[in-house]
Amino acid sequence: MASGPALFDAVLLDRDGTLIEDVPYNGDPDKVRPMPGARAALDRLRAAGLRLAVVTNQSGLARGLFGEAQLRAVHTRVEQMLGPFDAWAVCPHDDGDRCGCRKPAPGLVHAVARELGTVPSRCVLVGDIGRDMTAASAAGASGILVPTPVTRPQEVAAAPQVAPDLPAAVAEILRRQAAVDPATYGHADARPAHPPGVGGRRTGTVLVVRADSAGDVLVTGPGIRAVAAGAQRVVLLCGPRGRAAAELLPGVDEIVEHRLPWIDPAPAPVDPADIRQLTDRLAAVGADEAVVFTSFHQSPLPLALLLRLAGIRRVSAISDDYPGSLLDVRHRVPLGVPEAERALSLAAAAGFALAEHDGPALRLRPVPAPPPEAGTPGYVVLHPGSAAQARGCPPELAARIARALTAAGHRVVVTGGPDERELTARVAGDVAVDLGGRTSLAALAATVAGAGALVVGNTGPAHLAAAHRVPVVSLFAPTVPFGQWGPWRVPTVRLGDAEAPCRDTRAARCPVPGHPCLGGLEPGQVIDALRLLGVTPPARPAPRAADRTTGVPAGASTGGSGR
Ligand SMILES: [Zn+2]
């Protein structure tokens, strides 16, 4: 029995090249050949209580290469060989039809999630090409690519997660699902008391820690809410860069701000008096235990030592380094896991699960209305900057995007921090509203909440959008893995060259002349991405917009077949 809400309700599977061998335009059941290990892998998912659906482009129907009856016969054979599926979603169109369901459009994912009684963000899609991953992301679903010899290297580089074969993809789904469940770590009684205080696990005061920047604090939110569901009081230790984000997180009762010299990117020398003062402050919290959240390149151990000196008896953290007696719960996580899941898995290892009424998603405290200068909600927010230059949008490109979006009928609001006023003024020009330097983080969150979409690099505001379920066009420099740092469980289209030489360098300043991972983008790609996300200009509705905004694909067949 799982404790807390599950990460995934359903697994969506591409058909050709993923479940069965790809025989182009196959209308013949005798040519159905399952991929190696497919039946056993699917049975593992069924046994785990996950619902299964097929999402498949079958343009052979549009081209008249086979008929509905032949397609049904093929699907009957697939179910004979691979077992039953809870739903089949088929796009019968061709590219020229410009429907809302042919992958990479997200229409099939929306439709099949609804048919399964869930939402795309609680689905994971397994497929063999970039179209599958784009459809998953654009719907807000997770994606795992299982490449075949025909999968292009660029598609492999851009995928949120890659597995060598279908059984490995299934093992990864089950591993991620189990990782956020306290029962996996032997905490059978971890289900938070509901209503709180009546039975169940209820620790007193827990000190949680996330000591870096705003975006890092935001993606730790679900892990902190899990702790809050099982604690009477949560005190968050954060750094000055994360303070404003910490104030937006539900579940935090009190904030302690301190710059940790082993975490801060511009650290001052270690000052013994400062460390003594921090230790005293932590002791004064009177915490029963501590959960130290970190990024994979940060060590929790210096702080764990201070927590011991402060008298905290139980300390949990992720550490590949040997912790000796500094940690009671030493948790380990493979590379590439989404940051929010990483945090949830540490909370689970420490014995904390999200409350049943909560769910695995980013959330914020209620924010005020958007500033009036932003205009009527439905505008597109363009946030060109980033604290790390390598992860921001090149200014010249951002200015071109602002002009192109405006010309296409979108109302554009440009946002940025106090030190980015020059940048936002240049990007907004005389076509867009410039809010640069005029918003606190809470007001920025409010501005994003009123947006139809956010266009942004890999930086904090992307996570504000995820928390408000505002679709994201992610101009994602590949300096860090997209699957780990991309917007979590919100409709997203990733743009930029995922194979650029800056890949996995973790560079803060772009090491390559011309910032080519994003410099090669054209504004038209942003407009196409918005269309894929169902975000069309309010003044001039594009033809067929209704198909996209409702997510109900015209002519899509989502009924059961062969069952
Ligand atoms: Zn279609």
# chains A, B, ... in the order shown; residues from 1 in each chain; ligands from 1
>>> select_by_dssp(residues="stretch 46-289 of chain A", states="strand (DSSP E)", output="PyMOL selection string")
chain A and resi 51-57+87-91+123-127+142-145+203-210+231-238+254-257+289
>>> closest_atom_pairs(of="stretch 279-385 of chain A", to="stretch 253-264 of chain A", cutoff="12 Å", atoms="only C-alpha atoms", output="Markdown table")
| residue | atom | partner | partner_atom | distance |
| --- | --- | --- | --- | --- |
| A:Thr279 | CA | A:His258 | CA | 10.8 |
| A:Arg281 | CA | A:Val256 | CA | 8.4 |
| A:Leu282 | CA | A:Val256 | CA | 8.6 |
| A:Ala283 | CA | A:Val256 | CA | 11.9 |
| A:Ala284 | CA | A:Val256 | CA | 10.9 |
| A:Val285 | CA | A:Val256 | CA | 9.2 |
| A:Phe293 | CA | A:Ile263 | CA | 11.6 |
| A:Thr294 | CA | A:Ile263 | CA | 9.1 |
| A:Ser295 | CA | A:Ile263 | CA | 9.7 |
| A:Phe296 | CA | A:Ile263 | CA | 11.7 |
| A:His297 | CA | A:Ile263 | CA | 9.6 |
| A:Gln298 | CA | A:Ile263 | CA | 6.7 |
| A:Ser299 | CA | A:Trp262 | CA | 8.0 |
| A:Pro300 | CA | A:Trp262 | CA | 9.2 |
| A:Leu301 | CA | A:Trp262 | CA | 9.9 |
| A:Pro302 | CA | A:Trp262 | CA | 7.6 |
| A:Leu303 | CA | A:Leu260 | CA | 8.5 |
| A:Leu306 | CA | A:Leu260 | CA | 11.3 |
>>> select_by_dssp(residues="stretch 258-423 of chain A", states="helix (DSSP H, G or I)", output="CSV table (one decimal) with N, CA, C and O atoms, in the first residue's frame")
chain,number,residue,atom,x,y,z
A,272,PRO,N,34.9,32.0,12.1
A,272,PRO,CA,34.5,31.2,13.3
A,272,PRO,C,33.4,31.8,14.1
A,272,PRO,O,32.5,31.1,14.5
A,273,ALA,N,33.4,33.1,14.3
A,273,ALA,CA,32.3,33.7,15.1
A,273,ALA,C,31.0,33.6,14.3
A,273,ALA,O,29.9,33.3,15.0
A,274,ASP,N,31.0,33.7,13.0
A,274,ASP,CA,29.8,33.5,12.2
A,274,ASP,C,29.2,32.1,12.3
A,274,ASP,O,28.0,31.9,12.5
A,275,ILE,N,30.1,31.1,12.3
A,275,ILE,CA,29.7,29.7,12.4
A,275,ILE,C,29.2,29.4,13.7
A,275,ILE,O,28.2,28.7,13.9
A,276,ARG,N,29.8,30.0,14.8
A,276,ARG,CA,29.3,29.8,16.2
A,276,ARG,C,27.9,30.4,16.3
A,276,ARG,O,27.0,29.7,16.9
A,277,GLN,N,27.7,31.5,15.7
A,277,GLN,CA,26.4,32.2,15.8
A,277,GLN,C,25.3,31.4,15.1
A,277,GLN,O,24.2,31.2,15.6
A,278,LEU,N,25.7,30.8,13.9
A,278,LEU,CA,24.7,29.9,13.2
A,278,LEU,C,24.4,28.7,14.0
A,278,LEU,O,23.2,28.3,14.1
A,279,THR,N,25.4,28.1,14.6
A,279,THR,CA,25.2,26.9,15.4
A,279,THR,C,24.2,27.2,16.6
A,279,THR,O,23.3,26.4,16.9
A,280,ASP,N,24.5,28.3,17.2
A,280,ASP,CA,23.6,28.7,18.3
A,280,ASP,C,22.2,29.0,17.8
A,280,ASP,O,21.2,28.6,18.5
A,281,ARG,N,22.0,29.6,16.7
A,281,ARG,CA,20.7,29.9,16.1
A,281,ARG,C,20.0,28.6,15.8
A,281,ARG,O,18.8,28.5,16.1
A,282,LEU,N,20.7,27.6,15.3
A,282,LEU,CA,20.1,26.3,14.9
A,282,LEU,C,19.7,25.6,16.2
A,282,LEU,O,18.6,24.9,16.3
A,283,ALA,N,20.5,25.7,17.2
A,283,ALA,CA,20.2,25.0,18.5
A,283,ALA,C,18.9,25.6,19.1
A,283,ALA,O,18.0,24.9,19.6
A,284,ALA,N,18.7,27.0,18.9
A,284,ALA,CA,17.6,27.7,19.4
A,284,ALA,C,16.3,27.2,18.7
A,284,ALA,O,15.2,27.4,19.3
A,285,VAL,N,16.4,26.7,17.5
A,285,VAL,CA,15.2,26.2,16.8
A,285,VAL,C,14.5,25.1,17.6
A,285,VAL,O,13.3,24.9,17.6
A,301,LEU,N,27.3,17.7,4.3
A,301,LEU,CA,28.0,17.2,5.5
A,301,LEU,C,28.5,18.4,6.4
A,301,LEU,O,28.5,18.2,7.7
A,302,PRO,N,29.0,19.5,5.9
A,302,PRO,CA,29.4,20.6,6.8
A,302,PRO,C,28.3,21.0,7.7
A,302,PRO,O,28.4,21.2,8.9
A,303,LEU,N,27.1,21.2,7.1
A,303,LEU,CA,25.9,21.6,7.9
A,303,LEU,C,25.5,20.5,8.9
A,303,LEU,O,25.2,20.8,10.0
A,304,ALA,N,25.6,19.2,8.4
A,304,ALA,CA,25.2,18.1,9.3
A,304,ALA,C,26.1,18.1,10.6
A,304,ALA,O,25.6,17.9,11.7
A,305,LEU,N,27.4,18.5,10.4
A,305,LEU,CA,28.2,18.6,11.6
A,305,LEU,C,27.7,19.7,12.5
A,305,LEU,O,27.7,19.5,13.8
A,306,LEU,N,27.4,20.8,12.0
A,306,LEU,CA,26.8,21.9,12.8
A,306,LEU,C,25.5,21.5,13.5
A,306,LEU,O,25.3,21.9,14.6
A,307,LEU,N,24.7,20.8,12.7
A,307,LEU,CA,23.4,20.3,13.3
A,307,LEU,C,23.7,19.4,14.5
A,307,LEU,O,23.0,19.4,15.5
A,308,ARG,N,24.7,18.5,14.4
A,308,ARG,CA,25.1,17.7,15.5
A,308,ARG,C,25.6,18.6,16.7
A,308,ARG,O,25.2,18.3,17.9
A,309,LEU,N,26.4,19.6,16.4
A,309,LEU,CA,26.8,20.5,17.5
A,309,LEU,C,25.7,21.2,18.1
A,309,LEU,O,25.7,21.6,19.3
A,339,GLU,N,14.6,17.5,-10.0
A,339,GLU,CA,15.0,18.0,-8.7
A,339,GLU,C,13.9,17.9,-7.7
A,339,GLU,O,14.1,17.6,-6.5
A,340,ALA,N,12.6,18.2,-8.1
A,340,ALA,CA,11.5,18.1,-7.2
A,340,ALA,C,11.3,16.6,-6.7
A,340,ALA,O,11.0,16.4,-5.5
A,341,GLU,N,11.5,15.7,-7.6
A,341,GLU,CA,11.4,14.3,-7.2
A,341,GLU,C,12.5,13.8,-6.3
A,341,GLU,O,12.3,13.0,-5.4
A,342,ARG,N,13.7,14.4,-6.6
A,342,ARG,CA,14.8,14.2,-5.7
A,342,ARG,C,14.5,14.6,-4.3
A,342,ARG,O,14.8,13.9,-3.3
A,343,ALA,N,13.9,15.8,-4.1
A,343,ALA,CA,13.6,16.3,-2.8
A,343,ALA,C,12.5,15.4,-2.2
A,343,ALA,O,12.6,15.1,-1.0
A,344,LEU,N,11.5,15.1,-3.0
A,344,LEU,CA,10.4,14.2,-2.4
A,344,LEU,C,11.0,12.9,-2.0
A,344,LEU,O,10.5,12.3,-1.0
A,345,SER,N,12.0,12.4,-2.7
A,345,SER,CA,12.5,11.1,-2.3
A,345,SER,C,13.3,11.1,-1.0
A,345,SER,O,13.3,10.2,-0.2
A,346,LEU,N,14.0,12.3,-0.8
A,346,LEU,CA,14.7,12.4,0.5
A,346,LEU,C,13.7,12.5,1.6
A,346,LEU,O,13.8,11.9,2.7
A,347,ALA,N,12.6,13.3,1.4
A,347,ALA,CA,11.5,13.4,2.4
A,347,ALA,C,11.0,12.0,2.7
A,347,ALA,O,10.8,11.6,3.9
A,348,ALA,N,10.8,11.2,1.7
A,348,ALA,CA,10.2,9.8,1.8
A,348,ALA,C,11.2,9.0,2.6
A,348,ALA,O,10.8,8.2,3.5
A,349,ALA,N,12.5,9.1,2.3
A,349,ALA,CA,13.5,8.3,3.0
A,349,ALA,C,13.5,8.7,4.5
A,349,ALA,O,13.8,7.8,5.3
A,372,PRO,N,-1.2,46.1,-12.5
A,372,PRO,CA,-2.1,46.6,-13.5
A,372,PRO,C,-1.4,46.9,-14.8
A,372,PRO,O,-2.0,46.7,-15.9
A,373,GLU,N,-0.1,47.3,-14.7
A,373,GLU,CA,0.6,47.6,-16.0
A,373,GLU,C,0.7,46.4,-16.9
A,373,GLU,O,0.9,46.5,-18.1
A,374,ALA,N,0.6,45.2,-16.3
A,374,ALA,CA,0.7,44.0,-17.2
A,374,ALA,C,-0.5,43.8,-18.1
A,374,ALA,O,-0.4,43.2,-19.2
A,389,GLN,N,24.5,33.8,-16.8
A,389,GLN,CA,24.4,34.3,-18.2
A,389,GLN,C,24.2,33.1,-19.1
A,389,GLN,O,23.4,33.2,-20.1
A,390,ALA,N,24.8,32.0,-18.9
A,390,ALA,CA,24.8,30.9,-19.8
A,390,ALA,C,23.3,30.3,-19.9
A,390,ALA,O,23.0,29.7,-20.9
A,391,ARG,N,22.5,30.6,-18.9
A,391,ARG,CA,21.2,30.0,-18.9
A,391,ARG,C,20.1,31.0,-19.4
A,391,ARG,O,18.9,30.7,-19.4
A,395,PRO,N,20.3,38.7,-25.5
A,395,PRO,CA,19.4,39.9,-25.5
A,395,PRO,C,18.9,40.2,-26.9
A,395,PRO,O,17.7,40.5,-27.1
A,396,GLU,N,19.8,40.1,-27.9
A,396,GLU,CA,19.3,40.4,-29.3
A,396,GLU,C,18.2,39.5,-29.7
A,396,GLU,O,17.2,39.9,-30.3
A,397,LEU,N,18.3,38.2,-29.4
A,397,LEU,CA,17.3,37.2,-29.7
A,397,LEU,C,16.0,37.5,-29.0
A,397,LEU,O,14.9,37.5,-29.5
A,398,ALA,N,16.1,37.9,-27.7
A,398,ALA,CA,14.9,38.2,-26.9
A,398,ALA,C,14.2,39.4,-27.5
A,398,ALA,O,12.9,39.4,-27.5
A,399,ALA,N,14.9,40.4,-27.9
A,399,ALA,CA,14.3,41.6,-28.5
A,399,ALA,C,13.5,41.1,-29.8
A,399,ALA,O,12.4,41.6,-30.1
A,400,ARG,N,14.1,40.3,-30.6
A,400,ARG,CA,13.5,39.8,-31.8
A,400,ARG,C,12.2,39.0,-31.5
A,400,ARG,O,11.2,39.1,-32.2
A,401,ILE,N,12.3,38.2,-30.4
A,401,ILE,CA,11.1,37.4,-30.0
A,401,ILE,C,10.0,38.3,-29.6
A,401,ILE,O,8.8,38.1,-30.0
A,402,ALA,N,10.3,39.4,-28.8
A,402,ALA,CA,9.3,40.4,-28.4
A,402,ALA,C,8.6,41.0,-29.6
A,402,ALA,O,7.4,41.1,-29.6
A,403,ARG,N,9.4,41.4,-30.6
A,403,ARG,CA,8.8,42.0,-31.8
A,403,ARG,C,7.9,41.0,-32.6
A,403,ARG,O,6.8,41.3,-33.0
A,404,ALA,N,8.4,39.7,-32.7
A,404,ALA,CA,7.7,38.7,-33.5
A,404,ALA,C,6.4,38.3,-32.8
A,404,ALA,O,5.4,38.2,-33.5
A,405,LEU,N,6.4,38.2,-31.5
A,405,LEU,CA,5.2,37.8,-30.8
A,405,LEU,C,4.2,38.9,-30.9
A,405,LEU,O,3.0,38.7,-31.1
A,406,THR,N,4.7,40.2,-30.8
A,406,THR,CA,3.7,41.3,-30.9
A,406,THR,C,3.1,41.3,-32.3
A,406,THR,O,1.9,41.5,-32.4
A,407,ALA,N,4.0,41.1,-33.3
A,407,ALA,CA,3.5,41.2,-34.7
A,407,ALA,C,2.5,40.0,-34.9
A,407,ALA,O,1.5,40.2,-35.7
A,418,PRO,N,16.0,43.7,-10.5
A,418,PRO,CA,16.4,45.1,-10.4
A,418,PRO,C,17.7,45.4,-11.2
A,418,PRO,O,17.9,46.5,-11.7
A,419,ASP,N,18.6,44.4,-11.3
A,419,ASP,CA,19.8,44.6,-12.0
A,419,ASP,C,19.7,44.3,-13.5
A,419,ASP,O,20.7,44.2,-14.2
A,420,GLU,N,18.5,44.0,-14.0
A,420,GLU,CA,18.3,43.7,-15.4
A,420,GLU,C,17.5,44.7,-16.1
A,420,GLU,O,16.9,44.5,-17.2
A,421,ARG,N,17.3,45.9,-15.5
A,421,ARG,CA,16.5,47.0,-16.2
A,421,ARG,C,16.9,47.3,-17.6
A,421,ARG,O,16.1,47.5,-18.5
A,422,GLU,N,18.2,47.4,-17.7
A,422,GLU,CA,18.8,47.8,-19.1
A,422,GLU,C,18.4,46.7,-20.1
A,422,GLU,O,17.9,47.0,-21.2
A,423,LEU,N,18.5,45.5,-19.7
A,423,LEU,CA,18.2,44.3,-20.5
A,423,LEU,C,16.7,44.4,-20.9
A,423,LEU,O,16.3,44.3,-22.1
>>> residues_around(residues="A:Val150", least_positions_apart="6", cutoff="10 Å", atoms="only C-alpha atoms", output="list in words")
Gly17, Asp128 and Ile129 of chain A
>>> write_last_selection(atoms="N, CA, C and O atoms", output="PDB file, in the first residue's frame")
ATOM      1  N   GLY A  17       7.693   0.846 -32.895  1.00  0.00           N
ATOM      2  CA  GLY A  17       9.068   1.120 -32.487  1.00  0.00           C
ATOM      3  C   GLY A  17       9.235   1.151 -30.979  1.00  0.00           C
ATOM      4  O   GLY A  17      10.353   1.255 -30.482  1.00  0.00           O
ATOM      5  N   ASP A 128       9.768   6.339 -28.913  1.00  0.00           N
ATOM      6  CA  ASP A 128      11.072   6.111 -29.534  1.00  0.00           C
ATOM      7  C   ASP A 128      11.582   7.286 -30.355  1.00  0.00           C
ATOM      8  O   ASP A 128      12.687   7.214 -30.876  1.00  0.00           O
ATOM      9  N   ILE A 129      10.792   8.356 -30.503  1.00  0.00           N
ATOM     10  CA  ILE A 129      11.281   9.493 -31.293  1.00  0.00           C
ATOM     11  C   ILE A 129      10.934  10.816 -30.603  1.00  0.00           C
ATOM     12  O   ILE A 129      10.156  10.865 -29.648  1.00  0.00           O
TER      13      ILE A 129
END
>>> residues_near_ligand(ligand="ligand 1", cutoff="6 Å", atoms="only C-alpha atoms and all ligand atoms", output="ChimeraX atom specification")
/A:91-93,99-102,556
>>> write_last_selection(atoms="N, CA, C and O atoms", output="short mmCIF file (atom, residue, chain, number, x, y, z; two decimals), in the first residue's frame")
data_model
loop_
_atom_site.label_atom_id
_atom_site.label_comp_id
_atom_site.auth_asym_id
_atom_site.auth_seq_id
_atom_site.Cartn_x
_atom_site.Cartn_y
_atom_site.Cartn_z
N CYS A 91 -4.25 8.84 -33.64
CA CYS A 91 -4.43 9.97 -34.56
C CYS A 91 -4.47 9.42 -35.97
O CYS A 91 -3.50 8.82 -36.43
N PRO A 92 -5.59 9.61 -36.68
CA PRO A 92 -5.72 9.07 -38.03
C PRO A 92 -5.26 10.05 -39.11
O PRO A 92 -5.42 9.76 -40.29
N HIS A 93 -4.69 11.19 -38.71
CA HIS A 93 -4.40 12.26 -39.66
C HIS A 93 -2.97 12.19 -40.16
O HIS A 93 -2.16 11.43 -39.67
N CYS A 99 -3.88 18.76 -37.50
CA CYS A 99 -4.81 18.44 -36.41
C CYS A 99 -4.14 18.74 -35.07
O CYS A 99 -2.96 19.04 -35.01
N GLY A 100 -4.90 18.62 -34.01
CA GLY A 100 -4.34 18.85 -32.67
C GLY A 100 -3.89 17.57 -31.99
O GLY A 100 -3.48 17.59 -30.84
N CYS A 101 -4.01 16.42 -32.71
CA CYS A 101 -3.71 15.16 -32.04
C CYS A 101 -2.47 14.46 -32.57
O CYS A 101 -1.87 13.65 -31.86
N ARG A 102 -2.05 14.76 -33.80
CA ARG A 102 -0.88 14.06 -34.32
C ARG A 102 0.35 14.51 -33.55
O ARG A 102 0.70 15.69 -33.52
N ALA A 556 -10.12 12.42 -33.63
CA ALA A 556 -9.27 11.44 -32.95
C ALA A 556 -10.12 10.27 -32.47
O ALA A 556 -11.23 10.45 -32.01
#
>>> atom_distance(atom1="atom CA of A:Leu71", atom2="atom CA of A:Gly27")
5.8 Å
>>> closest_residue(among="A:Leu218, A:Leu13, A:Ala87, A:Ala462", to="A:Gly127", atoms="only C-alpha atoms")
A:Leu13
>>> closest_atom_pairs(of="stretch 63-169 of chain A", to="stretch 37-43 of chain A", cutoff="10 Å", atoms="only C-alpha atoms", output="Markdown table")
| residue | atom | partner | partner_atom | distance |
| --- | --- | --- | --- | --- |
| A:Glu79 | CA | A:Arg39 | CA | 9.8 |
| A:Met81 | CA | A:Arg39 | CA | 7.2 |
| A:Leu82 | CA | A:Arg39 | CA | 4.8 |
| A:Gly83 | CA | A:Arg39 | CA | 7.2 |
| A:Pro84 | CA | A:Leu42 | CA | 9.5 |
| A:Phe85 | CA | A:Leu42 | CA | 9.5 |
| A:Asp165 | CA | A:Gly37 | CA | 8.7 |
| A:Leu166 | CA | A:Ala38 | CA | 6.4 |
| A:Pro167 | CA | A:Ala41 | CA | 5.1 |
| A:Ala168 | CA | A:Ala41 | CA | 8.5 |
| A:Ala169 | CA | A:Ala41 | CA | 8.8 |
